[in-house]
Every structure is written in C-alpha cells, then in structure tokens.
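First comes the structure, then the notes that go with it.
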Amino acid sequence: MKIGLFVPCYIDAFYPGVGIATLELLERLGQDVTYPTEQTCCGQPMTNAGCVSDSAAAEALFVKLFSGFDAIVMPSGSCTHHVRSHFDAIEQTDAVRHVRANTYELVEFLHDVLKVRDFPWAEFPHTVGLHNSCSSLRALRTASMSELGEPAFSKPMTLLSGVKGIRFATPARPDECCGFGGTFSVTEEAVSARMGLDKVRDHFHAGAEYIVSADSSCMMHQQGCAERNHVDIRFIHIAEILNGARQ
C-alpha cells in the first residue's frame, strides 16, 4: 500500500515529534510512506471559522499532493474529519472524492486497515488516562459514546493494550469535551478554560500520570490549563507510545 503522510500544520509547528513518531511507526509496520514536502494545511481552521471559501487553496493543494496515494494517514482526528466531511470549498472531482474516501486518522488506520494489535518494541511503564477528541469520538467513531448507551468499545484502548507495562486510569467523565473546539476556545475562553481544567483534574484524580490522545490540539489546550493551575500531569500522543517512547 502506498501511503501519503499528512502532518497537520499545528503539529508541524508545535509538536514535530508526533509527526516523526507517526512516520517511524508506519515504517516499522512495513508500510511504504511518502511525506510530500510541499504540504501546508488541510483548510480546517478557515472552515471552522465560517470562512469556507478561504479553504479552497489549501484544499486544492492537499488534493494535488495526495490524490495519487492509496491511503492518506494523519495523526489528527479533527483534520481527518474535515477532509472527509467538510472538504467542500472546491469542485468535487474524481480526485477529490478519492482523497475524501481514503483519508484515515492514525488510530483507525492501524486498527481497521492494518489490524495491528501488538507492538513488541513498545513499553510504557506508566498510568495513562485516555482522551478521545470530540472529532475522533463523535465523527470518526473510534470509541463508544456514553450518551448513546451503546456497548463499550475503544480502538485507541485496544491499540494501547498491546504496549508492555502500560496501566490505565479511568476518569469519571471519560468522553466529555475538554473545551478546546478550535475557535470556541477563543470566543468563549472562560468556559473553554474551565472545561479544560475540569478534564485535566478528572484524569489526575483518577491516578493518571499522563494524558494520552490521538489529537495534539486537545492536549495543547489541556496542557496549558494544567500548567496554569499547577496540575502535575504530563501529555503524550498515542503515536509516540506505540512507536516506543518510554519518557
């Protein structure tokens, strides 16, 4: 399978180690991965702000760079959701439809496509609390939603269970929003900050040493809330754990 790796702009700017871990992990699993160096942004920030037409150039470049791949993989649920569900600023050509249908968030690609369950090189002797972003949970359906009363499942938890030494803490409200929400955290900053602090404290009181997530955007928000309020908890992307980080 020929894979195109997309590293979201905010990860490239603030968490490049997540992009590197994603690339290394896919290569460990024997995949043929290419990182197009001309990539920029998927267009999500403009669309989320209501400026849909301003996403057109970013979306067109994305399609130009990635339409030749069998699968496009990215370590971000929200960017994946944007490409699949809101890639509407450009004409819906065959190339656009191919990109939309074959874009995957890293966890679902590992779990559903490659069907990986064991990571023999990985060991993480810490207690972690899992945070599922709203995009991953309610759009990509990588885990069950409590409000539906459905049977419990969790693709990221299944993957993490293949890591030696890892332990799990269960927060009281495991699938509650952390308050990031892109522009919401700017327009409703007081509500957003309180939601983030509540989320961090929930994991901390459950015994988590780390909060792990497939979305660095949520962790960036939560990390700021934790540091400002002196909550002693650390943050790590799931790709880093699965790739063998021990921190």
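Chain labels follow the order of the structure tokens: the first chain is A, the next B, and so on; residue numbering restarts at 1 in every chain, and ligands are counted from 1 in their shown order.
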Which residues of region 103-202 of chain A come within 12 Å of region 7-23 of chain A, and what is each one's closest atom pair and distance in Å (one decimal), counting only C-alpha atoms, sorted by chain and residue number, as JSON lines?
```
{"residue": "A:Glu105", "atom": "CA", "partner": "A:Thr22", "partner_atom": "CA", "distance": 10.8}
{"residue": "A:Leu106", "atom": "CA", "partner": "A:Thr22", "partner_atom": "CA", "distance": 7.8}
{"residue": "A:Val107", "atom": "CA", "partner": "A:Thr22", "partner_atom": "CA", "distance": 10.4}
{"residue": "A:Phe109", "atom": "CA", "partner": "A:Thr22", "partner_atom": "CA", "distance": 11.5}
{"residue": "A:Leu110", "atom": "CA", "partner": "A:Thr22", "partner_atom": "CA", "distance": 10.9}
{"residue": "A:Gly182", "atom": "CA", "partner": "A:Tyr10", "partner_atom": "CA", "distance": 11.6}
```
Go ahead and dump the residues you just picked, N, CA and C atoms, as a PDB file, in the first residue's frame.
```pdb
ATOM      1  N   GLU A 105      -7.467   8.708   9.986  1.00  0.00           N
ATOM      2  CA  GLU A 105      -6.757   9.085  11.213  1.00  0.00           C
ATOM      3  C   GLU A 105      -5.888   7.899  11.615  1.00  0.00           C
ATOM      4  N   LEU A 106      -4.753   8.136  12.238  1.00  0.00           N
ATOM      5  CA  LEU A 106      -3.768   7.094  12.508  1.00  0.00           C
ATOM      6  C   LEU A 106      -4.351   5.902  13.260  1.00  0.00           C
ATOM      7  N   VAL A 107      -5.107   6.159  14.330  1.00  0.00           N
ATOM      8  CA  VAL A 107      -5.642   5.056  15.134  1.00  0.00           C
ATOM      9  C   VAL A 107      -6.538   4.156  14.305  1.00  0.00           C
ATOM     10  N   PHE A 109      -6.586   3.785  11.105  1.00  0.00           N
ATOM     11  CA  PHE A 109      -5.812   3.106  10.070  1.00  0.00           C
ATOM     12  C   PHE A 109      -5.103   1.883  10.653  1.00  0.00           C
ATOM     13  N   LEU A 110      -4.492   2.052  11.815  1.00  0.00           N
ATOM     14  CA  LEU A 110      -3.819   0.920  12.455  1.00  0.00           C
ATOM     15  C   LEU A 110      -4.816  -0.154  12.857  1.00  0.00           C
ATOM     16  N   GLY A 182     -11.286  24.502  18.780  1.00  0.00           N
ATOM     17  CA  GLY A 182     -10.833  25.489  17.801  1.00  0.00           C
ATOM     18  C   GLY A 182     -11.197  26.910  18.192  1.00  0.00           C
TER      19      GLY A 182
END
```
### Residue neighbourhood Gly207 (chain A), 9 Å, only C-alpha atoms, exclusion window fewer than 5 positions, as a PyMOL selection string
chain A and resi 127-129+168-171+202
Once you have the residues from the selection above, write them out as a short mmCIF file (atom, residue, chain, number, x, y, z; two decimals), in the first residue's frame, restricted to N, CA, C and O atoms.
```cif
data_model
loop_
_atom_site.label_atom_id
_atom_site.label_comp_id
_atom_site.auth_asym_id
_atom_site.auth_seq_id
_atom_site.Cartn_x
_atom_site.Cartn_y
_atom_site.Cartn_z
N THR A 127 0.95 5.05 34.20
CA THR A 127 -0.51 5.05 34.21
C THR A 127 -1.01 6.20 33.35
O THR A 127 -0.62 7.35 33.56
N VAL A 128 -1.84 5.87 32.39
CA VAL A 128 -2.32 6.88 31.45
C VAL A 128 -3.84 7.00 31.51
O VAL A 128 -4.55 6.03 31.78
N GLY A 129 -4.30 8.20 31.25
CA GLY A 129 -5.72 8.44 31.04
C GLY A 129 -5.93 8.75 29.57
O GLY A 129 -5.20 9.56 29.00
N PHE A 168 -3.94 1.81 32.98
CA PHE A 168 -4.97 2.75 32.59
C PHE A 168 -5.72 3.30 33.81
O PHE A 168 -6.10 2.56 34.71
N ALA A 169 -5.92 4.61 33.79
CA ALA A 169 -6.77 5.28 34.77
C ALA A 169 -8.09 5.62 34.08
O ALA A 169 -8.10 5.99 32.90
N THR A 170 -9.19 5.50 34.79
CA THR A 170 -10.49 5.78 34.21
C THR A 170 -11.10 7.02 34.85
O THR A 170 -11.52 6.98 36.02
N PRO A 171 -11.15 8.12 34.13
CA PRO A 171 -11.75 9.34 34.69
C PRO A 171 -13.25 9.16 34.87
O PRO A 171 -13.88 8.28 34.26
N ASP A 202 -9.95 15.67 36.32
CA ASP A 202 -10.63 14.38 36.31
C ASP A 202 -9.62 13.25 36.08
O ASP A 202 -9.63 12.23 36.79
#
```
Could you write out, as a PDB file with N, CA and C atoms, in the first residue's frame, all the residues of region 37-155 of chain A that DSSP marks as alpha helix (DSSP H)?
```pdb
ATOM      1  N   GLN A  44      -8.924  23.280   7.534  1.00  0.00           N
ATOM      2  CA  GLN A  44      -9.889  23.216   8.631  1.00  0.00           C
ATOM      3  C   GLN A  44     -10.065  24.534   9.395  1.00  0.00           C
ATOM      4  N   PRO A  45      -8.983  25.263   9.746  1.00  0.00           N
ATOM      5  CA  PRO A  45      -9.175  26.484  10.540  1.00  0.00           C
ATOM      6  C   PRO A  45     -10.090  27.504   9.873  1.00  0.00           C
ATOM      7  N   MET A  46      -9.970  27.665   8.568  1.00  0.00           N
ATOM      8  CA  MET A  46     -10.802  28.629   7.870  1.00  0.00           C
ATOM      9  C   MET A  46     -12.261  28.179   7.857  1.00  0.00           C
ATOM     10  N   THR A  47     -12.481  26.905   7.562  1.00  0.00           N
ATOM     11  CA  THR A  47     -13.848  26.379   7.532  1.00  0.00           C
ATOM     12  C   THR A  47     -14.494  26.458   8.906  1.00  0.00           C
ATOM     13  N   ASN A  48     -13.754  26.106   9.957  1.00  0.00           N
ATOM     14  CA  ASN A  48     -14.297  26.173  11.310  1.00  0.00           C
ATOM     15  C   ASN A  48     -14.694  27.583  11.700  1.00  0.00           C
ATOM     16  N   ALA A  56     -10.317  27.043   0.032  1.00  0.00           N
ATOM     17  CA  ALA A  56     -10.196  26.449  -1.298  1.00  0.00           C
ATOM     18  C   ALA A  56      -8.756  26.182  -1.712  1.00  0.00           C
ATOM     19  N   ALA A  57      -7.870  27.145  -1.508  1.00  0.00           N
ATOM     20  CA  ALA A  57      -6.484  26.969  -1.950  1.00  0.00           C
ATOM     21  C   ALA A  57      -5.798  25.848  -1.178  1.00  0.00           C
ATOM     22  N   ALA A  58      -6.036  25.781   0.129  1.00  0.00           N
ATOM     23  CA  ALA A  58      -5.435  24.725   0.944  1.00  0.00           C
ATOM     24  C   ALA A  58      -5.988  23.361   0.539  1.00  0.00           C
ATOM     25  N   GLU A  59      -7.282  23.287   0.289  1.00  0.00           N
ATOM     26  CA  GLU A  59      -7.885  22.019  -0.107  1.00  0.00           C
ATOM     27  C   GLU A  59      -7.375  21.570  -1.476  1.00  0.00           C
ATOM     28  N   ALA A  60      -7.260  22.510  -2.403  1.00  0.00           N
ATOM     29  CA  ALA A  60      -6.774  22.175  -3.745  1.00  0.00           C
ATOM     30  C   ALA A  60      -5.345  21.652  -3.700  1.00  0.00           C
ATOM     31  N   LEU A  61      -4.498  22.271  -2.890  1.00  0.00           N
ATOM     32  CA  LEU A  61      -3.118  21.804  -2.767  1.00  0.00           C
ATOM     33  C   LEU A  61      -3.083  20.417  -2.137  1.00  0.00           C
ATOM     34  N   PHE A  62      -3.928  20.205  -1.129  1.00  0.00           N
ATOM     35  CA  PHE A  62      -3.993  18.892  -0.478  1.00  0.00           C
ATOM     36  C   PHE A  62      -4.323  17.806  -1.497  1.00  0.00           C
ATOM     37  N   VAL A  63      -5.322  18.057  -2.323  1.00  0.00           N
ATOM     38  CA  VAL A  63      -5.717  17.071  -3.330  1.00  0.00           C
ATOM     39  C   VAL A  63      -4.611  16.862  -4.358  1.00  0.00           C
ATOM     40  N   LYS A  64      -3.978  17.931  -4.774  1.00  0.00           N
ATOM     41  CA  LYS A  64      -2.879  17.828  -5.740  1.00  0.00           C
ATOM     42  C   LYS A  64      -1.767  16.927  -5.211  1.00  0.00           C
ATOM     43  N   LEU A  65      -1.453  17.070  -3.938  1.00  0.00           N
ATOM     44  CA  LEU A  65      -0.331  16.332  -3.357  1.00  0.00           C
ATOM     45  C   LEU A  65      -0.677  14.893  -2.992  1.00  0.00           C
ATOM     46  N   PHE A  66      -1.942  14.617  -2.642  1.00  0.00           N
ATOM     47  CA  PHE A  66      -2.275  13.324  -2.057  1.00  0.00           C
ATOM     48  C   PHE A  66      -3.189  12.444  -2.897  1.00  0.00           C
ATOM     49  N   GLY A  77      -7.576  13.580  14.490  1.00  0.00           N
ATOM     50  CA  GLY A  77      -8.962  13.269  14.210  1.00  0.00           C
ATOM     51  C   GLY A  77      -9.703  14.422  13.572  1.00  0.00           C
ATOM     52  N   SER A  78      -9.450  15.648  14.041  1.00  0.00           N
ATOM     53  CA  SER A  78     -10.193  16.793  13.524  1.00  0.00           C
ATOM     54  C   SER A  78      -9.849  17.078  12.071  1.00  0.00           C
ATOM     55  N   CYS A  79      -8.578  16.947  11.696  1.00  0.00           N
ATOM     56  CA  CYS A  79      -8.194  17.162  10.292  1.00  0.00           C
ATOM     57  C   CYS A  79      -8.773  16.068   9.409  1.00  0.00           C
ATOM     58  N   THR A  80      -8.771  14.841   9.886  1.00  0.00           N
ATOM     59  CA  THR A  80      -9.377  13.747   9.135  1.00  0.00           C
ATOM     60  C   THR A  80     -10.864  14.010   8.915  1.00  0.00           C
ATOM     61  N   HIS A  81     -11.532  14.432   9.959  1.00  0.00           N
ATOM     62  CA  HIS A  81     -12.965  14.743   9.865  1.00  0.00           C
ATOM     63  C   HIS A  81     -13.215  15.863   8.861  1.00  0.00           C
ATOM     64  N   HIS A  82     -12.347  16.859   8.852  1.00  0.00           N
ATOM     65  CA  HIS A  82     -12.520  17.954   7.894  1.00  0.00           C
ATOM     66  C   HIS A  82     -12.426  17.451   6.458  1.00  0.00           C
ATOM     67  N   VAL A  83     -11.396  16.664   6.179  1.00  0.00           N
ATOM     68  CA  VAL A  83     -11.213  16.166   4.813  1.00  0.00           C
ATOM     69  C   VAL A  83     -12.395  15.299   4.391  1.00  0.00           C
ATOM     70  N   ARG A  84     -12.833  14.431   5.253  1.00  0.00           N
ATOM     71  CA  ARG A  84     -13.930  13.519   4.904  1.00  0.00           C
ATOM     72  C   ARG A  84     -15.278  14.223   4.775  1.00  0.00           C
ATOM     73  N   SER A  85     -15.573  15.122   5.707  1.00  0.00           N
ATOM     74  CA  SER A  85     -16.934  15.633   5.828  1.00  0.00           C
ATOM     75  C   SER A  85     -17.134  17.076   5.405  1.00  0.00           C
ATOM     76  N   ASP A  94     -13.164  13.592  -9.389  1.00  0.00           N
ATOM     77  CA  ASP A  94     -12.822  12.218  -9.013  1.00  0.00           C
ATOM     78  C   ASP A  94     -11.646  12.198  -8.045  1.00  0.00           C
ATOM     79  N   ALA A  95     -10.671  13.081  -8.262  1.00  0.00           N
ATOM     80  CA  ALA A  95      -9.503  13.137  -7.372  1.00  0.00           C
ATOM     81  C   ALA A  95      -9.908  13.553  -5.962  1.00  0.00           C
ATOM     82  N   VAL A  96     -10.810  14.517  -5.858  1.00  0.00           N
ATOM     83  CA  VAL A  96     -11.279  14.969  -4.549  1.00  0.00           C
ATOM     84  C   VAL A  96     -12.040  13.852  -3.848  1.00  0.00           C
ATOM     85  N   ARG A  97     -12.910  13.188  -4.569  1.00  0.00           N
ATOM     86  CA  ARG A  97     -13.671  12.085  -3.972  1.00  0.00           C
ATOM     87  C   ARG A  97     -12.749  10.954  -3.518  1.00  0.00           C
ATOM     88  N   HIS A  98     -11.694  10.688  -4.286  1.00  0.00           N
ATOM     89  CA  HIS A  98     -10.723   9.651  -3.890  1.00  0.00           C
ATOM     90  C   HIS A  98     -10.043  10.044  -2.583  1.00  0.00           C
ATOM     91  N   VAL A  99      -9.613  11.296  -2.486  1.00  0.00           N
ATOM     92  CA  VAL A  99      -8.937  11.760  -1.270  1.00  0.00           C
ATOM     93  C   VAL A  99      -9.870  11.678  -0.072  1.00  0.00           C
ATOM     94  N   ARG A 100     -11.100  12.122  -0.242  1.00  0.00           N
ATOM     95  CA  ARG A 100     -12.044  12.115   0.869  1.00  0.00           C
ATOM     96  C   ARG A 100     -12.338  10.687   1.353  1.00  0.00           C
ATOM     97  N   ALA A 101     -12.410   9.759   0.431  1.00  0.00           N
ATOM     98  CA  ALA A 101     -12.759   8.381   0.781  1.00  0.00           C
ATOM     99  C   ALA A 101     -11.600   7.581   1.344  1.00  0.00           C
ATOM    100  N   LEU A 106      -4.753   8.136  12.238  1.00  0.00           N
ATOM    101  CA  LEU A 106      -3.768   7.094  12.508  1.00  0.00           C
ATOM    102  C   LEU A 106      -4.351   5.902  13.260  1.00  0.00           C
ATOM    103  N   VAL A 107      -5.107   6.159  14.330  1.00  0.00           N
ATOM    104  CA  VAL A 107      -5.642   5.056  15.134  1.00  0.00           C
ATOM    105  C   VAL A 107      -6.538   4.156  14.305  1.00  0.00           C
ATOM    106  N   GLU A 108      -7.471   4.739  13.551  1.00  0.00           N
ATOM    107  CA  GLU A 108      -8.374   3.897  12.770  1.00  0.00           C
ATOM    108  C   GLU A 108      -7.638   3.175  11.649  1.00  0.00           C
ATOM    109  N   CYS A 134     -13.512  15.134  20.486  1.00  0.00           N
ATOM    110  CA  CYS A 134     -14.894  15.057  20.008  1.00  0.00           C
ATOM    111  C   CYS A 134     -14.936  14.603  18.551  1.00  0.00           C
ATOM    112  N   LYS A 155     -11.061   1.831  20.075  1.00  0.00           N
ATOM    113  CA  LYS A 155      -9.951   1.457  19.200  1.00  0.00           C
ATOM    114  C   LYS A 155      -8.601   1.906  19.768  1.00  0.00           C
TER     115      LYS A 155
END
```
### Task
Just the strand (DSSP E) stuff from region 60-241 of chain A, please, per backbone DSSP, written as number ranges by chain.
A: 71-74, 103-105, 127-131, 167-169, 210-213, 234-237
Filtering to N, CA and C atoms, could you give me those residues as a PDB file, in the first residue's frame?
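So selection.pdb came out as:
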```
ATOM      1  N   ALA A  71      -3.741   5.522   0.334  1.00  0.00           N
ATOM      2  CA  ALA A  71      -4.314   5.988   1.595  1.00  0.00           C
ATOM      3  C   ALA A  71      -3.559   7.217   2.052  1.00  0.00           C
ATOM      4  N   ILE A  72      -4.276   8.138   2.682  1.00  0.00           N
ATOM      5  CA  ILE A  72      -3.671   9.314   3.305  1.00  0.00           C
ATOM      6  C   ILE A  72      -3.865   9.140   4.805  1.00  0.00           C
ATOM      7  N   VAL A  73      -2.778   9.178   5.562  1.00  0.00           N
ATOM      8  CA  VAL A  73      -2.835   8.941   7.003  1.00  0.00           C
ATOM      9  C   VAL A  73      -2.349  10.175   7.732  1.00  0.00           C
ATOM     10  N   MET A  74      -3.049  10.548   8.804  1.00  0.00           N
ATOM     11  CA  MET A  74      -2.655  11.727   9.572  1.00  0.00           C
ATOM     12  C   MET A  74      -2.903  11.509  11.060  1.00  0.00           C
ATOM     13  N   THR A 103      -8.856   8.930   3.260  1.00  0.00           N
ATOM     14  CA  THR A 103      -8.115   9.617   4.313  1.00  0.00           C
ATOM     15  C   THR A 103      -8.456   8.991   5.660  1.00  0.00           C
ATOM     16  N   TYR A 104      -7.423   8.677   6.441  1.00  0.00           N
ATOM     17  CA  TYR A 104      -7.597   7.981   7.713  1.00  0.00           C
ATOM     18  C   TYR A 104      -6.844   8.696   8.835  1.00  0.00           C
ATOM     19  N   GLU A 105      -7.467   8.708   9.986  1.00  0.00           N
ATOM     20  CA  GLU A 105      -6.757   9.085  11.213  1.00  0.00           C
ATOM     21  C   GLU A 105      -5.888   7.899  11.615  1.00  0.00           C
ATOM     22  N   THR A 127       0.949   5.053  34.202  1.00  0.00           N
ATOM     23  CA  THR A 127      -0.514   5.050  34.210  1.00  0.00           C
ATOM     24  C   THR A 127      -1.011   6.196  33.348  1.00  0.00           C
ATOM     25  N   VAL A 128      -1.844   5.868  32.389  1.00  0.00           N
ATOM     26  CA  VAL A 128      -2.321   6.880  31.448  1.00  0.00           C
ATOM     27  C   VAL A 128      -3.837   6.999  31.509  1.00  0.00           C
ATOM     28  N   GLY A 129      -4.303   8.203  31.246  1.00  0.00           N
ATOM     29  CA  GLY A 129      -5.723   8.444  31.043  1.00  0.00           C
ATOM     30  C   GLY A 129      -5.932   8.751  29.568  1.00  0.00           C
ATOM     31  N   LEU A 130      -6.883   8.098  28.936  1.00  0.00           N
ATOM     32  CA  LEU A 130      -7.108   8.270  27.502  1.00  0.00           C
ATOM     33  C   LEU A 130      -8.110   9.383  27.260  1.00  0.00           C
ATOM     34  N   HIS A 131      -7.715  10.333  26.414  1.00  0.00           N
ATOM     35  CA  HIS A 131      -8.652  11.386  25.989  1.00  0.00           C
ATOM     36  C   HIS A 131      -8.978  11.204  24.518  1.00  0.00           C
ATOM     37  N   ARG A 167      -0.525   1.067  32.120  1.00  0.00           N
ATOM     38  CA  ARG A 167      -1.673   0.938  33.025  1.00  0.00           C
ATOM     39  C   ARG A 167      -2.665   2.045  32.689  1.00  0.00           C
ATOM     40  N   PHE A 168      -3.941   1.808  32.982  1.00  0.00           N
ATOM     41  CA  PHE A 168      -4.973   2.755  32.593  1.00  0.00           C
ATOM     42  C   PHE A 168      -5.719   3.300  33.806  1.00  0.00           C
ATOM     43  N   ALA A 169      -5.922   4.614  33.790  1.00  0.00           N
ATOM     44  CA  ALA A 169      -6.774   5.278  34.769  1.00  0.00           C
ATOM     45  C   ALA A 169      -8.088   5.624  34.082  1.00  0.00           C
ATOM     46  N   TYR A 210      -0.039  10.430  32.901  1.00  0.00           N
ATOM     47  CA  TYR A 210      -0.059  11.026  31.568  1.00  0.00           C
ATOM     48  C   TYR A 210      -1.494  11.060  31.049  1.00  0.00           C
ATOM     49  N   ILE A 211      -1.791  12.066  30.249  1.00  0.00           N
ATOM     50  CA  ILE A 211      -2.977  12.042  29.401  1.00  0.00           C
ATOM     51  C   ILE A 211      -2.483  11.735  28.000  1.00  0.00           C
ATOM     52  N   VAL A 212      -3.050  10.697  27.403  1.00  0.00           N
ATOM     53  CA  VAL A 212      -2.661  10.290  26.049  1.00  0.00           C
ATOM     54  C   VAL A 212      -3.848  10.500  25.126  1.00  0.00           C
ATOM     55  N   SER A 213      -3.579  10.962  23.920  1.00  0.00           N
ATOM     56  CA  SER A 213      -4.645  11.231  22.965  1.00  0.00           C
ATOM     57  C   SER A 213      -4.122  11.068  21.556  1.00  0.00           C
ATOM     58  N   ARG A 234       1.383  14.893  32.806  1.00  0.00           N
ATOM     59  CA  ARG A 234       2.101  15.058  31.541  1.00  0.00           C
ATOM     60  C   ARG A 234       1.237  14.597  30.373  1.00  0.00           C
ATOM     61  N   PHE A 235       1.698  14.907  29.176  1.00  0.00           N
ATOM     62  CA  PHE A 235       0.896  14.665  27.979  1.00  0.00           C
ATOM     63  C   PHE A 235       1.746  14.003  26.902  1.00  0.00           C
ATOM     64  N   ILE A 236       1.112  13.066  26.170  1.00  0.00           N
ATOM     65  CA  ILE A 236       1.845  12.368  25.116  1.00  0.00           C
ATOM     66  C   ILE A 236       0.855  11.888  24.055  1.00  0.00           C
ATOM     67  N   HIS A 237       1.261  11.956  22.798  1.00  0.00           N
ATOM     68  CA  HIS A 237       0.427  11.490  21.694  1.00  0.00           C
ATOM     69  C   HIS A 237       0.524   9.980  21.589  1.00  0.00           C
TER      70      HIS A 237
END
```
### Task
With a distance cut-off of 9 Å and only C-alpha atoms, select the neighbouring residues of Asn243 (chain A), excluding the residue or stretch itself and same-chain residues fewer than 6 positions from it, and output the selection as a list in words.
Ala21, Thr22, Glu24, Leu25, Leu26, Arg28, Phe119, Trp121 and Ala122 of chain A
File dump, residues just selected, C-alpha atoms, as a PDB file, in the first residue's frame:
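After the write, again39.pdb holds the following:
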```pdb
ATOM      1  CA  ALA A  21       6.738   9.153  15.524  1.00  0.00           C
ATOM      2  CA  THR A  22       3.879   8.608  13.064  1.00  0.00           C
ATOM      3  CA  GLU A  24       8.579   5.837  12.100  1.00  0.00           C
ATOM      4  CA  LEU A  25       5.660   3.767  13.361  1.00  0.00           C
ATOM      5  CA  LEU A  26       4.185   3.253   9.898  1.00  0.00           C
ATOM      6  CA  ARG A  28       8.110  -0.149  11.462  1.00  0.00           C
ATOM      7  CA  PHE A 119       3.639  -3.514  19.388  1.00  0.00           C
ATOM      8  CA  TRP A 121       9.048  -2.859  20.569  1.00  0.00           C
ATOM      9  CA  ALA A 122       6.868  -0.631  22.788  1.00  0.00           C
TER      10      ALA A 122
END
```
### Query
How many Å lie between CA of Asp215 (chain A) and CA of Ser76 (chain A), rounded to one decimal?
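A separation of 5.1 Å between them.
Taking only C-alpha atoms into account, Ala245 (chain A) lies nearest to A:Pro125 out of the set A:Gly30, A:Pro125, A:Gly68, A:Pro36.
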Determine, using only C-alpha atoms, which residues of region 89-179 of chain A have any atom at most 12 Å from an atom of region 220-224 of chain A, and tabulate each with its shortest atom pair and distance in Å to one decimal place, rows ordered by chain and then rising number, as a Markdown table.
```
| residue | atom | partner | partner_atom | distance |
| --- | --- | --- | --- | --- |
| A:His131 | CA | A:Gln222 | CA | 10.3 |
| A:Ser133 | CA | A:Gln222 | CA | 11.6 |
| A:Cys177 | CA | A:Gln222 | CA | 10.9 |
| A:Cys178 | CA | A:Gln222 | CA | 7.2 |
| A:Gly179 | CA | A:His221 | CA | 8.0 |
```
Mind writing the picked residues with C-alpha atoms as an mmCIF file, in the first residue's frame?
```cif
data_model
loop_
_atom_site.group_PDB
_atom_site.id
_atom_site.type_symbol
_atom_site.label_atom_id
_atom_site.label_comp_id
_atom_site.auth_asym_id
_atom_site.auth_seq_id
_atom_site.Cartn_x
_atom_site.Cartn_y
_atom_site.Cartn_z
ATOM 1 C CA HIS A 131 -8.652 11.386 25.989
ATOM 2 C CA SER A 133 -11.321 14.216 20.988
ATOM 3 C CA CYS A 177 -15.319 17.530 25.786
ATOM 4 C CA CYS A 178 -12.148 19.233 27.034
ATOM 5 C CA GLY A 179 -13.285 22.646 25.798
#
```
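Using only C-alpha atoms, the nearest neighbour of His205 (chain A) within the list A:Glu91, A:Asp232, A:Glu227, A:Glu188 is A:Asp232.
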### Message
Just to confirm, what's the straight-line distance from CA of Ile90 (chain A) to CA of Ser53 (chain A) in Å (one decimal)?
### Response
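Value for the CA of Ile90 (chain A)-CA of Ser53 (chain A) distance: 8.3 Å.
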### Residue among A:Pro151, A:Cys225, A:Arg138, A:Ala206 lying closest to Ser192 (chain A), counting only C-alpha atoms
A:Cys225
